[in-house]
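Here the structure is laid out as structure tokens; the discussion comes afterwards.
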Amino acid sequence: MQNSFDIAVFQGDGIGPEIMAPTLSLLDHLAAGKYALNFVDAPAGAAHYARTGESLPAASMAVARAADAILLSAMGLPDVRYPDGTEISPQIDLRKALTLFAGVRPVTIRPGQPTPLALKDGQTVDFVLIRESTEGLFHTQGRGEVTQDEARETLLITRAISEPLFRFAFDLAKARKAAGRGPGKVTCVDKANVFRAFAFFREMFDAEAAKHPDIIADHAYVDATALWMVERPWAFDVMVTENMFGDILSDLGAGLMGGLGLAPSADIGADHAVFQPCHGSAPDIAGQGVANPMAMILSAAMMLEWLGGRHDMPDMVADGDRLRAAVEAVIAAGKVASRDLGGSAGTSEVADAVRAALT
Ligand code: ATP
């Protein structure tokens with residue numbers, strides 16, 4: 001059985017390296033004696049582009065392709081752009097090149113988290129938004145047609161992507177149910193009442209749902225979903241949606257969680273997966289040692305759960321769970337908080353507190 005795993009590490013820009021270092025150290029600490037994680041550096045990003053003229057070198061792409069999983073902190077800097085003025089975002093290139101169709105965005109609100117929602121005492125929120133990440137309204141990204149009088153972009157929904165996407169959503173609901181984290185429910189979020197493309201999307205969702213009688217399947221329109229995410233977010237378990245809808249709803253989700261510093265994510269395909277925090281490279285606070293590493297650490301926890309599940313390693317899955325629980329324990333205790341959470345703790349202080357909270 002495979003016991004040693006190559007992890008491609010994209011340190012990235014801005015606060016990227018600052019939040020990656022303590023995360024790798026926590027991963028090493030968890031792995032000790034049970035399995036090996038070999039971290040392989042993959043240089044890329046805006047600073048790399050400024051130095052070398054390449055934002056995602058072929059060698060780094062090869063490291064990503066060969067790896068068992070990919071950890072990425074944050075990439076991009078506001079003042080470093082391609083000659084056409086567009087942003088440098090190798091993470092989007094990776095998503096496309098590796099066909100990472102399932103953007104997984106957990107939305108969890110635990111005790112002590114500074115949510116704008118008025119939750120009752122002890123009430124928690126725990127659902128997962130899956131954003132299709134390779135097609136939808138992003139299909140013609142950068143290729144939209146614009147004339148003097150009209151602009152046109154094309155939304156694409158394909159069977160080749162939607163079927164594995166829905167399979168992934170139902171499998172995730174099943175795994176969450178087995179772990180006691182949800183009732184086993186998948187909600188298809190669309191606009192099937194207005195667009196034929198979404199009726200097609202929903203038809204494929206229903207066909208997949210029919211194969212999972214043990215999982216509840218329902219539908220919601222995207223506008224109503226935005227409302228319900230604020231009014232009764234605890235009612236969701238797994239929701240799956242198109243790329244642009246998911247783009248918008250995942251920021252709403254991050255807002256409910258009390259900000260970007262706590263929002264992890266994964267972009268998962270059939271053979272590869274990238275784990276990265278939802279936030280950007282935060283150049284305004286880079287180099288000061290004050291960035292909150294929790295979203296990065298929670299993304300690493302998602303990696304352990306995915307990798308462990310894929311290789312049938314319950315120890316590794318349990319470590320992912322322990323790491324997430326440790327972050328939640330630090331938030332709940334409220335003693336060590338970074339500036340974005342209203343405290344004054346630095347990056348290493350927060351990471352040390354997480355390590356101390358591991359059970
Ligand atoms: P991008 O477009 O690359 O996603 P963005 O423009 O949304 O980036 P971020 O880099 O995510 O911006 O930063 C937004 C704000 O949140 C900044 O003020 C930044 O300092 C803050 N921020 C982001 N991540 C963190 C973090 N991990 N810890 C503390 N503050 C953060």
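By convention here, the chains of the structure tokens are called A, B, ... in the order presented, each chain's residues are numbered starting at 1, and ligands are numbered starting at 1 in the order presented.
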Shell of 9 Å around region 163-172 of chain A, only C-alpha atoms, local chain residues under 6 positions omitted, as a ChimeraX atom specification: /A:101-102,130,132,184-186,188,204-205,207-209,212,215,217,238-240,269-270
What are the nearest atom pairs, with distances in Å to one decimal, for all residues of chain A that come at most 7 Å from ligand 1, using only C-alpha atoms and all ligand atoms, set out by chain and rising residue number as JSON lines?
{"residue": "A:Met75", "atom": "CA", "partner": "ligand 1", "partner_atom_place_in_ligand_line": "3 (O)", "distance": 6.6}
{"residue": "A:Gly76", "atom": "CA", "partner": "ligand 1", "partner_atom_place_in_ligand_line": "3 (O)", "distance": 5.9}
{"residue": "A:Leu260", "atom": "CA", "partner": "ligand 1", "partner_atom_place_in_ligand_line": "24 (N)", "distance": 5.8}
{"residue": "A:Gly261", "atom": "CA", "partner": "ligand 1", "partner_atom_place_in_ligand_line": "27 (N)", "distance": 4.3}
{"residue": "A:Cys278", "atom": "CA", "partner": "ligand 1", "partner_atom_place_in_ligand_line": "4 (O)", "distance": 7.0}
{"residue": "A:His279", "atom": "CA", "partner": "ligand 1", "partner_atom_place_in_ligand_line": "11 (O)", "distance": 3.7}
{"residue": "A:Gly280", "atom": "CA", "partner": "ligand 1", "partner_atom_place_in_ligand_line": "10 (O)", "distance": 3.3}
{"residue": "A:Ser281", "atom": "CA", "partner": "ligand 1", "partner_atom_place_in_ligand_line": "10 (O)", "distance": 4.3}
{"residue": "A:Ala282", "atom": "CA", "partner": "ligand 1", "partner_atom_place_in_ligand_line": "10 (O)", "distance": 3.3}
{"residue": "A:Pro283", "atom": "CA", "partner": "ligand 1", "partner_atom_place_in_ligand_line": "10 (O)", "distance": 6.4}
{"residue": "A:Asp284", "atom": "CA", "partner": "ligand 1", "partner_atom_place_in_ligand_line": "20 (O)", "distance": 5.4}
{"residue": "A:Ile285", "atom": "CA", "partner": "ligand 1", "partner_atom_place_in_ligand_line": "20 (O)", "distance": 5.3}
{"residue": "A:Val290", "atom": "CA", "partner": "ligand 1", "partner_atom_place_in_ligand_line": "29 (C)", "distance": 6.8}
{"residue": "A:Ala291", "atom": "CA", "partner": "ligand 1", "partner_atom_place_in_ligand_line": "28 (N)", "distance": 3.8}
{"residue": "A:Asn292", "atom": "CA", "partner": "ligand 1", "partner_atom_place_in_ligand_line": "28 (N)", "distance": 3.7}
{"residue": "A:Pro293", "atom": "CA", "partner": "ligand 1", "partner_atom_place_in_ligand_line": "27 (N)", "distance": 5.6}
{"residue": "A:Ala295", "atom": "CA", "partner": "ligand 1", "partner_atom_place_in_ligand_line": "27 (N)", "distance": 6.6}
{"residue": "A:Arg339", "atom": "CA", "partner": "ligand 1", "partner_atom_place_in_ligand_line": "29 (C)", "distance": 6.7}
{"residue": "A:Asp340", "atom": "CA", "partner": "ligand 1", "partner_atom_place_in_ligand_line": "29 (C)", "distance": 5.0}
Export, as a JSON list (two decimals), in the first residue's frame, the selected residues with C-alpha atoms.
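Saved file part-v1.json follows:
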[["chain", "number", "residue", "atom", "x", "y", "z"],
["A", 75, "MET", "CA", -0.94, 33.99, -5.99],
["A", 76, "GLY", "CA", -1.12, 37.36, -7.67],
["A", 260, "LEU", "CA", -11.81, 35.26, 4.23],
["A", 261, "GLY", "CA", -9.27, 34.35, 6.92],
["A", 278, "CYS", "CA", -10.26, 31.39, -0.52],
["A", 279, "HIS", "CA", -8.39, 34.60, 0.23],
["A", 280, "GLY", "CA", -5.82, 36.27, -1.99],
["A", 281, "SER", "CA", -2.18, 37.17, -1.34],
["A", 282, "ALA", "CA", -3.12, 40.14, 0.92],
["A", 283, "PRO", "CA", -0.16, 42.32, -0.13],
["A", 284, "ASP", "CA", -1.31, 45.01, 2.34],
["A", 285, "ILE", "CA", -0.20, 42.86, 5.28],
["A", 290, "VAL", "CA", 0.22, 38.96, 11.04],
["A", 291, "ALA", "CA", -1.66, 36.92, 8.40],
["A", 292, "ASN", "CA", -4.19, 34.43, 9.70],
["A", 293, "PRO", "CA", -2.98, 30.95, 8.66],
["A", 295, "ALA", "CA", -7.80, 29.12, 6.05],
["A", 339, "ARG", "CA", -6.09, 40.79, 13.64],
["A", 340, "ASP", "CA", -8.76, 39.89, 11.07]]
DSSP-assigned strand (DSSP E or B) among region 8-146 of chain A, expressed as JSON, numbers by chain: {"A": [8, 9, 10, 36, 37, 38, 39, 40, 41, 69, 70, 71, 72, 81, 87, 102, 103, 104, 105, 106, 107, 108, 109, 125, 126, 127, 128, 129, 130, 131, 132, 136, 145, 146]}
Pairwise distance for CA of Ile331 (chain A) and CA of Leu119 (chain A), rounded to one decimal in Å: 16.2 Å
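The coordinates place CA of Leu256 (chain A) at 5.5 Å from CA of Thr115 (chain A).
Between Tyr35 (chain A) and the residues A:Val336, A:Met313, A:Val222, A:Ala266, the shortest atom-to-atom distance, using only C-alpha atoms, involves A:Met313.
Neighbours of region 45-55 of chain A closer than or equal to 10 Å, with only C-alpha atoms counted and sequence neighbours fewer than 5 positions away skipped, come out as Phe10, Gln11, Gly12, Asp13, Gly14, Ser60, Ala74, Met75, Gly76, Leu77, Pro78, Asp79, Val80, Arg81, Tyr82, Glu87, Ile88, Ser89, Pro90, Gln91 and Asp93 of chain A.
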Next, write the just-selected residues to a file, as a compact mmCIF listing (two decimals), in the first residue's frame, keeping all heavy atoms as the atom set.
# COMPACT_ATOMS: atom_id res chain seq x y z
N PHE A 10 2.84 25.20 -3.83
CA PHE A 10 2.93 26.52 -4.46
C PHE A 10 2.89 27.55 -3.34
O PHE A 10 1.84 27.82 -2.79
CB PHE A 10 1.76 26.73 -5.44
CG PHE A 10 1.87 25.92 -6.71
CD1 PHE A 10 1.50 24.59 -6.73
CD2 PHE A 10 2.34 26.50 -7.88
CE1 PHE A 10 1.60 23.83 -7.89
CE2 PHE A 10 2.44 25.76 -9.05
CZ PHE A 10 2.07 24.42 -9.06
N GLN A 11 4.07 28.08 -3.01
CA GLN A 11 4.16 29.05 -1.91
C GLN A 11 3.49 30.37 -2.26
O GLN A 11 2.97 31.06 -1.39
CB GLN A 11 5.64 29.35 -1.59
CG GLN A 11 6.47 28.12 -1.29
CD GLN A 11 6.59 27.85 0.19
OE1 GLN A 11 6.14 28.65 1.02
NE2 GLN A 11 7.19 26.74 0.54
N GLY A 12 3.60 30.74 -3.55
CA GLY A 12 2.88 31.91 -4.05
C GLY A 12 3.44 33.25 -3.64
O GLY A 12 4.62 33.39 -3.33
N ASP A 13 2.55 34.22 -3.61
CA ASP A 13 2.93 35.63 -3.42
C ASP A 13 2.41 36.18 -2.09
O ASP A 13 1.57 35.57 -1.44
CB ASP A 13 2.30 36.47 -4.55
CG ASP A 13 2.83 36.07 -5.91
OD1 ASP A 13 4.06 36.02 -6.08
OD2 ASP A 13 2.01 35.77 -6.81
N GLY A 14 2.87 37.39 -1.77
CA GLY A 14 2.35 38.11 -0.60
C GLY A 14 2.48 37.28 0.67
O GLY A 14 3.56 36.77 1.00
N SER A 60 7.17 23.53 -12.98
CA SER A 60 6.23 23.56 -11.85
C SER A 60 4.93 22.85 -12.22
O SER A 60 4.32 22.16 -11.39
CB SER A 60 5.94 25.00 -11.43
OG SER A 60 7.12 25.60 -10.96
N ALA A 74 -1.49 31.45 -2.05
CA ALA A 74 -2.21 32.53 -2.74
C ALA A 74 -1.27 33.08 -3.80
O ALA A 74 -0.06 33.18 -3.56
CB ALA A 74 -2.60 33.61 -1.75
N MET A 75 -1.81 33.44 -4.95
CA MET A 75 -0.94 33.99 -5.99
C MET A 75 -1.55 35.25 -6.60
O MET A 75 -2.76 35.39 -6.66
CB MET A 75 -0.70 32.94 -7.07
CG MET A 75 0.10 31.76 -6.54
SD MET A 75 0.98 30.87 -7.82
CE MET A 75 -0.08 29.48 -8.05
N GLY A 76 -0.68 36.13 -7.04
CA GLY A 76 -1.12 37.36 -7.67
C GLY A 76 -0.68 38.57 -6.85
O GLY A 76 -0.66 38.51 -5.62
N LEU A 77 -0.30 39.64 -7.54
CA LEU A 77 0.05 40.91 -6.89
C LEU A 77 -0.57 42.01 -7.74
O LEU A 77 -0.50 41.95 -8.97
CB LEU A 77 1.57 41.08 -6.83
CG LEU A 77 2.33 40.14 -5.89
CD1 LEU A 77 3.84 40.28 -6.09
CD2 LEU A 77 1.96 40.40 -4.43
N PRO A 78 -1.17 43.02 -7.10
CA PRO A 78 -1.92 44.02 -7.86
C PRO A 78 -1.08 44.76 -8.90
O PRO A 78 -1.58 45.11 -9.96
CB PRO A 78 -2.45 44.98 -6.79
CG PRO A 78 -1.81 44.58 -5.50
CD PRO A 78 -1.25 43.23 -5.65
N ASP A 79 0.21 44.97 -8.60
CA ASP A 79 1.01 45.79 -9.54
C ASP A 79 1.82 44.95 -10.52
O ASP A 79 2.62 45.49 -11.28
CB ASP A 79 1.92 46.75 -8.75
CG ASP A 79 2.66 46.04 -7.64
OD1 ASP A 79 2.34 44.86 -7.38
OD2 ASP A 79 3.58 46.64 -7.05
N VAL A 80 1.63 43.63 -10.51
CA VAL A 80 2.33 42.80 -11.51
C VAL A 80 1.27 42.20 -12.43
O VAL A 80 0.41 41.42 -11.99
CB VAL A 80 3.14 41.66 -10.84
CG1 VAL A 80 3.90 40.86 -11.89
CG2 VAL A 80 4.09 42.22 -9.80
N ARG A 81 1.30 42.59 -13.70
CA ARG A 81 0.28 42.16 -14.66
C ARG A 81 0.94 41.69 -15.93
O ARG A 81 2.07 42.04 -16.22
CB ARG A 81 -0.63 43.34 -15.01
CG ARG A 81 -1.33 43.98 -13.83
CD ARG A 81 -2.75 43.55 -13.76
NE ARG A 81 -3.36 43.92 -12.51
CZ ARG A 81 -4.66 43.93 -12.32
NH1 ARG A 81 -5.48 43.61 -13.29
NH2 ARG A 81 -5.17 44.24 -11.15
N TYR A 82 0.18 40.92 -16.73
CA TYR A 82 0.63 40.59 -18.07
C TYR A 82 0.56 41.88 -18.91
O TYR A 82 -0.17 42.82 -18.55
CB TYR A 82 -0.27 39.52 -18.70
CG TYR A 82 -0.14 38.16 -18.04
CD1 TYR A 82 -1.24 37.54 -17.46
CD2 TYR A 82 1.09 37.50 -18.02
CE1 TYR A 82 -1.13 36.29 -16.86
CE2 TYR A 82 1.21 36.25 -17.43
CZ TYR A 82 0.10 35.65 -16.84
OH TYR A 82 0.22 34.43 -16.26
N GLU A 87 -4.69 39.92 -14.81
CA GLU A 87 -4.01 39.49 -13.58
C GLU A 87 -3.26 38.18 -13.78
O GLU A 87 -3.65 37.36 -14.60
CB GLU A 87 -5.07 39.25 -12.49
CG GLU A 87 -5.57 40.50 -11.86
CD GLU A 87 -6.64 40.20 -10.82
OE1 GLU A 87 -6.59 39.13 -10.20
OE2 GLU A 87 -7.53 41.05 -10.67
N ILE A 88 -2.24 38.01 -12.96
CA ILE A 88 -1.48 36.75 -13.01
C ILE A 88 -2.09 35.78 -12.01
O ILE A 88 -2.04 36.01 -10.80
CB ILE A 88 0.00 37.04 -12.72
CG1 ILE A 88 0.53 37.82 -13.94
CG2 ILE A 88 0.80 35.78 -12.49
CD1 ILE A 88 1.80 38.49 -13.76
N SER A 89 -2.73 34.75 -12.53
CA SER A 89 -3.41 33.80 -11.63
C SER A 89 -3.18 32.37 -12.10
O SER A 89 -4.07 31.75 -12.67
CB SER A 89 -4.90 34.13 -11.54
OG SER A 89 -5.42 34.39 -12.83
N PRO A 90 -1.98 31.85 -11.83
CA PRO A 90 -1.67 30.47 -12.24
C PRO A 90 -2.64 29.46 -11.65
O PRO A 90 -2.80 28.36 -12.20
CB PRO A 90 -0.26 30.24 -11.71
CG PRO A 90 0.31 31.60 -11.47
CD PRO A 90 -0.85 32.49 -11.16
N GLN A 91 -3.31 29.83 -10.52
CA GLN A 91 -4.27 28.88 -9.94
C GLN A 91 -5.41 28.59 -10.92
O GLN A 91 -5.93 27.48 -10.97
CB GLN A 91 -4.79 29.37 -8.58
CG GLN A 91 -5.51 30.70 -8.55
CD GLN A 91 -4.57 31.89 -8.42
OE1 GLN A 91 -3.44 31.84 -8.90
NE2 GLN A 91 -5.03 32.96 -7.80
N ASP A 93 -5.04 28.76 -14.23
CA ASP A 93 -4.43 27.93 -15.27
C ASP A 93 -4.36 26.46 -14.82
O ASP A 93 -4.62 25.55 -15.61
CB ASP A 93 -3.01 28.42 -15.61
CG ASP A 93 -3.02 29.89 -16.04
OD1 ASP A 93 -4.05 30.33 -16.58
OD2 ASP A 93 -2.02 30.59 -15.81
